[in-house]
Amino acid sequence: MKIATWNVNSLGVRLPQVLDWLAATAVDILCLQELKLHDDKFPLDALRDAGYHAAVFGQKTYNGVAILSRLPLRDVAKNIPGFEDAQSRVIAATVDAPDGPLRVVNGYFVNGQEPGSEKFDYKMRWLHALREQMRAELAAHPRLALVGDFNIAPEDRDSFDPDGLRETIHHTTEERLHFQALLDLGLTDAFRMFDQPEKSFSWWDYRMLGFQKNRGLRIDHILVSDALRPRVTACHIDRAPRKNKQPSDHTPVVVEC
DNA sequence: ATGACGGTGTGGCACCGA
């Protein structure tokens, strides 16, 4: 089973690249973030023709998340229960995989802009609420993956300039403690289960030749539950889509389990 | 301290992302 996450920075623009990538990689589940379109603009037909079911939680202009799956999706949940939020950032669904039900939680985590800002405060409250949701999700669904654009570089090695960017957004101690708190619930960063190249990143700034100079961050993650972890055989970042014409600034992360 | 690039929506520029 192959599961992937990809922040596409507008599905309206990136749909042809998504279809190409699905055809090339044949992932079973693809979690998308930053759709930037409302549900009624979601390209259900094109994705169905490509062989995928979809659970969608869209939003015009900003945010928006979806789960694509070759197998049907059930028990779809949107956003964080009990946490009032005007922004579409979380969608969860269950797939009945051959070896048992698999719960997938797909998040577009808050950016936070700058420590001390109102948006950073929102990020902290959102992360705290997500943790409580994940505690409940894990209790109900032992076989679980939490994936998405976390907007957190968990360690220094996940940043192209950890010293220059110390305690700036994506790098703050507070954000990293929230990431660790998710791991402490019984989740593992699948990427770090394996030897990986140094300076492996999933996002590069569009500006100043960020990708060409590999000035990036690893902020897109796949966390697997303790019950799913023994099944994981590989995890990698696929840089190929970042080399497309008109790429997203993020590239997909893929896990095999 | 600011802008650099790209997407969206609006209306000829502002806002947001990371």
# chains A, B, ... in the order shown; residues from 1 in each chain; ligands from 1
$ closest_atom_pairs --of "chain A" --to "chain B" --cutoff "10 Å" --atoms "only C-alpha atoms (C1' of nucleotides)" --output "Markdown table"
| residue | atom | partner | partner_atom | distance |
| --- | --- | --- | --- | --- |
| A:Asn9 | CA | B:DG7 | C1' | 7.4 |
| A:Ser10 | CA | B:DG7 | C1' | 7.0 |
| A:Gly12 | CA | B:DG7 | C1' | 9.9 |
| A:Val13 | CA | B:DG7 | C1' | 8.7 |
| A:Lys36 | CA | B:DT8 | C1' | 8.2 |
| A:Leu37 | CA | B:DT8 | C1' | 9.8 |
| A:Lys60 | CA | B:DT8 | C1' | 8.8 |
| A:Thr61 | CA | B:DT8 | C1' | 5.5 |
| A:Tyr62 | CA | B:DT8 | C1' | 8.2 |
| A:Asn111 | CA | B:DA18 | C1' | 7.0 |
| A:Gly112 | CA | B:DA18 | C1' | 9.1 |
| A:Gln113 | CA | B:DA18 | C1' | 7.7 |
| A:Asn151 | CA | B:DA18 | C1' | 7.6 |
| A:Ile152 | CA | B:DA18 | C1' | 9.8 |
| A:Ile169 | CA | B:DA18 | C1' | 7.9 |
| A:His170 | CA | B:DA18 | C1' | 7.9 |
| A:Trp203 | CA | B:DA18 | C1' | 8.6 |
| A:Trp204 | CA | B:DA18 | C1' | 8.7 |
| A:Asp205 | CA | B:DA18 | C1' | 7.4 |
| A:Tyr206 | CA | B:DC5 | C1' | 4.9 |
| A:Arg207 | CA | B:DC5 | C1' | 4.8 |
| A:Met208 | CA | B:DA4 | C1' | 6.0 |
| A:Leu209 | CA | B:DA4 | C1' | 9.5 |
| A:Gly216 | CA | B:DA18 | C1' | 9.9 |
| A:Leu217 | CA | B:DA18 | C1' | 9.0 |
| A:Ile219 | CA | B:DA18 | C1' | 9.5 |
| A:Gln246 | CA | B:DG6 | C1' | 8.8 |
| A:Pro247 | CA | B:DG6 | C1' | 9.5 |
| A:Ser248 | CA | B:DG6 | C1' | 8.8 |
| A:Asp249 | CA | B:DG6 | C1' | 8.8 |
$ write_last_selection --atoms "N, CA and C atoms" --output "PDB file, in the first residue's frame"
ATOM      1  N   ASN A   9      -0.756  23.635  -3.772  1.00  0.00           N
ATOM      2  CA  ASN A   9      -0.844  25.089  -3.984  1.00  0.00           C
ATOM      3  C   ASN A   9      -1.735  25.424  -5.180  1.00  0.00           C
ATOM      4  N   SER A  10      -3.005  25.096  -5.025  1.00  0.00           N
ATOM      5  CA  SER A  10      -4.074  25.287  -6.027  1.00  0.00           C
ATOM      6  C   SER A  10      -4.250  24.043  -6.898  1.00  0.00           C
ATOM      7  N   GLY A  12      -6.693  23.712  -8.896  1.00  0.00           N
ATOM      8  CA  GLY A  12      -7.136  24.215 -10.202  1.00  0.00           C
ATOM      9  C   GLY A  12      -5.981  24.301 -11.176  1.00  0.00           C
ATOM     10  N   VAL A  13      -4.853  24.802 -10.696  1.00  0.00           N
ATOM     11  CA  VAL A  13      -3.672  24.938 -11.540  1.00  0.00           C
ATOM     12  C   VAL A  13      -2.943  23.597 -11.696  1.00  0.00           C
ATOM     13  N   LYS A  36      -7.409  25.335  -2.588  1.00  0.00           N
ATOM     14  CA  LYS A  36      -7.790  26.701  -2.986  1.00  0.00           C
ATOM     15  C   LYS A  36      -9.006  26.704  -3.897  1.00  0.00           C
ATOM     16  N   LEU A  37      -9.877  25.736  -3.704  1.00  0.00           N
ATOM     17  CA  LEU A  37     -11.143  25.770  -4.442  1.00  0.00           C
ATOM     18  C   LEU A  37     -12.269  25.168  -3.603  1.00  0.00           C
ATOM     19  N   LYS A  60     -12.761  28.260  -0.823  1.00  0.00           N
ATOM     20  CA  LYS A  60     -12.372  29.183  -1.887  1.00  0.00           C
ATOM     21  C   LYS A  60     -11.103  29.947  -1.498  1.00  0.00           C
ATOM     22  N   THR A  61     -10.196  30.114  -2.424  1.00  0.00           N
ATOM     23  CA  THR A  61      -9.000  30.977  -2.302  1.00  0.00           C
ATOM     24  C   THR A  61      -7.908  30.425  -1.396  1.00  0.00           C
ATOM     25  N   TYR A  62      -8.278  29.975  -0.186  1.00  0.00           N
ATOM     26  CA  TYR A  62      -7.271  29.521   0.773  1.00  0.00           C
ATOM     27  C   TYR A  62      -7.598  28.110   1.281  1.00  0.00           C
ATOM     28  N   ASN A 111       0.137  27.956   9.172  1.00  0.00           N
ATOM     29  CA  ASN A 111       1.474  28.481   8.898  1.00  0.00           C
ATOM     30  C   ASN A 111       2.029  29.213  10.131  1.00  0.00           C
ATOM     31  N   GLY A 112       1.319  30.204  10.617  1.00  0.00           N
ATOM     32  CA  GLY A 112       1.732  30.901  11.830  1.00  0.00           C
ATOM     33  C   GLY A 112       2.509  32.188  11.629  1.00  0.00           C
ATOM     34  N   GLN A 113       2.956  32.418  10.415  1.00  0.00           N
ATOM     35  CA  GLN A 113       3.594  33.680  10.002  1.00  0.00           C
ATOM     36  C   GLN A 113       4.821  34.082  10.817  1.00  0.00           C
ATOM     37  N   ASN A 151       3.853  22.329   8.376  1.00  0.00           N
ATOM     38  CA  ASN A 151       4.449  23.650   8.574  1.00  0.00           C
ATOM     39  C   ASN A 151       5.355  23.690   9.819  1.00  0.00           C
ATOM     40  N   ILE A 152       6.022  22.570  10.076  1.00  0.00           N
ATOM     41  CA  ILE A 152       7.011  22.476  11.157  1.00  0.00           C
ATOM     42  C   ILE A 152       8.209  21.684  10.624  1.00  0.00           C
ATOM     43  N   ILE A 169       9.748  31.155  12.191  1.00  0.00           N
ATOM     44  CA  ILE A 169       8.583  30.300  11.922  1.00  0.00           C
ATOM     45  C   ILE A 169       9.019  28.984  11.274  1.00  0.00           C
ATOM     46  N   HIS A 170       8.377  27.912  11.699  1.00  0.00           N
ATOM     47  CA  HIS A 170       8.660  26.510  11.349  1.00  0.00           C
ATOM     48  C   HIS A 170       9.807  25.925  12.167  1.00  0.00           C
ATOM     49  N   TRP A 203       9.837  21.167   0.672  1.00  0.00           N
ATOM     50  CA  TRP A 203       9.377  22.492   0.228  1.00  0.00           C
ATOM     51  C   TRP A 203      10.595  23.377  -0.062  1.00  0.00           C
ATOM     52  N   TRP A 204      10.475  24.158  -1.128  1.00  0.00           N
ATOM     53  CA  TRP A 204      11.498  25.145  -1.473  1.00  0.00           C
ATOM     54  C   TRP A 204      10.802  26.430  -1.898  1.00  0.00           C
ATOM     55  N   ASP A 205      11.320  27.566  -1.446  1.00  0.00           N
ATOM     56  CA  ASP A 205      10.775  28.868  -1.829  1.00  0.00           C
ATOM     57  C   ASP A 205      10.844  29.037  -3.341  1.00  0.00           C
ATOM     58  N   TYR A 206       9.777  29.600  -3.901  1.00  0.00           N
ATOM     59  CA  TYR A 206       9.786  29.888  -5.336  1.00  0.00           C
ATOM     60  C   TYR A 206      10.877  30.901  -5.694  1.00  0.00           C
ATOM     61  N   ARG A 207      11.230  31.730  -4.720  1.00  0.00           N
ATOM     62  CA  ARG A 207      12.096  32.886  -5.015  1.00  0.00           C
ATOM     63  C   ARG A 207      13.572  32.540  -4.866  1.00  0.00           C
ATOM     64  N   MET A 208      14.391  33.315  -5.529  1.00  0.00           N
ATOM     65  CA  MET A 208      15.847  33.246  -5.331  1.00  0.00           C
ATOM     66  C   MET A 208      16.411  31.849  -5.590  1.00  0.00           C
ATOM     67  N   LEU A 209      15.848  31.158  -6.584  1.00  0.00           N
ATOM     68  CA  LEU A 209      16.373  29.851  -7.001  1.00  0.00           C
ATOM     69  C   LEU A 209      16.443  28.861  -5.832  1.00  0.00           C
ATOM     70  N   GLY A 216      15.761  24.526   1.223  1.00  0.00           N
ATOM     71  CA  GLY A 216      14.401  24.066   1.495  1.00  0.00           C
ATOM     72  C   GLY A 216      14.182  23.691   2.949  1.00  0.00           C
ATOM     73  N   LEU A 217      12.994  23.195   3.199  1.00  0.00           N
ATOM     74  CA  LEU A 217      12.601  22.711   4.522  1.00  0.00           C
ATOM     75  C   LEU A 217      11.887  21.377   4.366  1.00  0.00           C
ATOM     76  N   ILE A 219       8.894  19.934   5.798  1.00  0.00           N
ATOM     77  CA  ILE A 219       7.728  20.321   6.605  1.00  0.00           C
ATOM     78  C   ILE A 219       6.494  19.479   6.272  1.00  0.00           C
ATOM     79  N   GLN A 246       5.813  25.163 -13.929  1.00  0.00           N
ATOM     80  CA  GLN A 246       4.738  25.628 -13.029  1.00  0.00           C
ATOM     81  C   GLN A 246       4.501  24.658 -11.875  1.00  0.00           C
ATOM     82  N   PRO A 247       5.548  24.353 -11.104  1.00  0.00           N
ATOM     83  CA  PRO A 247       5.376  23.386 -10.014  1.00  0.00           C
ATOM     84  C   PRO A 247       4.700  24.020  -8.799  1.00  0.00           C
ATOM     85  N   SER A 248       4.164  23.162  -7.920  1.00  0.00           N
ATOM     86  CA  SER A 248       3.876  23.604  -6.557  1.00  0.00           C
ATOM     87  C   SER A 248       5.205  23.892  -5.865  1.00  0.00           C
ATOM     88  N   ASP A 249       5.177  24.666  -4.791  1.00  0.00           N
ATOM     89  CA  ASP A 249       6.426  24.866  -4.038  1.00  0.00           C
ATOM     90  C   ASP A 249       6.745  23.650  -3.150  1.00  0.00           C
TER      91      ASP A 249
END
$ select_by_dssp --residues "segment 10-56 of chain A" --states "strand (DSSP E)" --output "ChimeraX atom specification"
/A:29-33,53-56
$ write_last_selection --atoms "C-alpha atoms" --output "PDB file, in the first residue's frame"
ATOM      1  CA  ILE A  29      -3.992   7.038  -1.307  1.00  0.00           C
ATOM      2  CA  LEU A  30      -3.040  10.660  -2.037  1.00  0.00           C
ATOM      3  CA  CYS A  31      -3.722  13.389   0.508  1.00  0.00           C
ATOM      4  CA  LEU A  32      -3.842  16.890  -0.940  1.00  0.00           C
ATOM      5  CA  GLN A  33      -3.557  20.267   0.766  1.00  0.00           C
ATOM      6  CA  HIS A  53     -12.572   7.981  -4.945  1.00  0.00           C
ATOM      7  CA  ALA A  54     -12.377  11.321  -3.162  1.00  0.00           C
ATOM      8  CA  ALA A  55     -13.327  12.884   0.157  1.00  0.00           C
ATOM      9  CA  VAL A  56     -13.215  16.672  -0.121  1.00  0.00           C
TER      10      VAL A  56
END
$ select_by_dssp --residues "segment 23-221 of chain A" --states "helix (DSSP H, G or I)" --output "mmCIF file with C-alpha atoms, in the first residue's frame"
data_model
loop_
_atom_site.group_PDB
_atom_site.id
_atom_site.type_symbol
_atom_site.label_atom_id
_atom_site.label_comp_id
_atom_site.auth_asym_id
_atom_site.auth_seq_id
_atom_site.Cartn_x
_atom_site.Cartn_y
_atom_site.Cartn_z
ATOM 1 C CA ALA A 23 -0.463 7.661 -13.448
ATOM 2 C CA ALA A 24 3.310 7.484 -12.928
ATOM 3 C CA THR A 25 3.361 6.385 -9.277
ATOM 4 C CA ASP A 39 -16.157 21.637 -3.176
ATOM 5 C CA ASP A 40 -18.313 22.435 -6.208
ATOM 6 C CA LYS A 41 -15.167 23.139 -8.249
ATOM 7 C CA LEU A 44 -14.368 14.644 -9.133
ATOM 8 C CA ASP A 45 -14.952 13.320 -12.647
ATOM 9 C CA ALA A 46 -11.329 13.558 -13.810
ATOM 10 C CA LEU A 47 -10.156 11.802 -10.647
ATOM 11 C CA ARG A 48 -12.834 9.133 -10.908
ATOM 12 C CA ASP A 49 -11.715 8.495 -14.481
ATOM 13 C CA GLU A 118 -2.015 36.493 16.234
ATOM 14 C CA LYS A 119 -1.550 33.853 13.539
ATOM 15 C CA PHE A 120 1.109 32.120 15.613
ATOM 16 C CA ASP A 121 -1.273 32.057 18.555
ATOM 17 C CA TYR A 122 -3.880 30.459 16.271
ATOM 18 C CA LYS A 123 -1.270 27.891 15.216
ATOM 19 C CA MET A 124 -0.601 26.981 18.844
ATOM 20 C CA ARG A 125 -4.303 26.651 19.707
ATOM 21 C CA TRP A 126 -4.910 24.648 16.517
ATOM 22 C CA LEU A 127 -2.027 22.294 17.292
ATOM 23 C CA HIS A 128 -3.281 21.739 20.809
ATOM 24 C CA ALA A 129 -6.778 20.931 19.541
ATOM 25 C CA LEU A 130 -5.371 18.599 16.884
ATOM 26 C CA ARG A 131 -3.414 16.703 19.528
ATOM 27 C CA GLU A 132 -6.604 16.007 21.476
ATOM 28 C CA GLN A 133 -8.344 14.930 18.276
ATOM 29 C CA MET A 134 -5.466 12.578 17.473
ATOM 30 C CA ARG A 135 -5.597 11.080 20.952
ATOM 31 C CA ALA A 136 -9.233 10.154 20.301
ATOM 32 C CA GLU A 137 -8.598 9.030 16.707
ATOM 33 C CA LEU A 138 -5.784 6.721 17.822
ATOM 34 C CA ALA A 139 -7.942 5.204 20.557
ATOM 35 C CA ALA A 140 -10.679 4.465 18.014
ATOM 36 C CA ASP A 156 17.742 21.211 12.656
ATOM 37 C CA ARG A 157 18.559 18.706 9.902
ATOM 38 C CA ASP A 158 15.133 19.442 8.386
ATOM 39 C CA THR A 173 10.899 25.442 20.117
ATOM 40 C CA GLU A 174 7.145 25.730 20.658
ATOM 41 C CA GLU A 175 6.332 24.266 17.249
ATOM 42 C CA ARG A 176 8.853 21.469 17.722
ATOM 43 C CA LEU A 177 7.396 20.612 21.133
ATOM 44 C CA HIS A 178 3.983 20.301 19.492
ATOM 45 C CA PHE A 179 5.455 17.951 16.889
ATOM 46 C CA GLN A 180 7.054 15.882 19.652
ATOM 47 C CA ALA A 181 3.747 15.814 21.531
ATOM 48 C CA LEU A 182 2.137 14.200 18.490
ATOM 49 C CA LEU A 183 4.902 11.574 18.412
ATOM 50 C CA ASP A 184 4.362 10.984 22.135
ATOM 51 C CA ALA A 190 8.035 7.370 8.785
ATOM 52 C CA PHE A 191 10.727 9.293 6.903
ATOM 53 C CA ARG A 192 13.171 8.913 9.809
ATOM 54 C CA MET A 193 12.636 5.151 10.070
#
$ atom_distance --atom1 "atom CA of Pro72 of chain A" --atom2 "atom CA of Gly100 of chain A"
13.4 Å
$ atom_distance --atom1 "atom CA of Gly186 of chain A" --atom2 "atom CA of Ile222 of chain A"
13.2 Å
$ atom_distance --atom1 "atom CA of Ser202 of chain A" --atom2 "atom CA of Arg218 of chain A"
4.8 Å
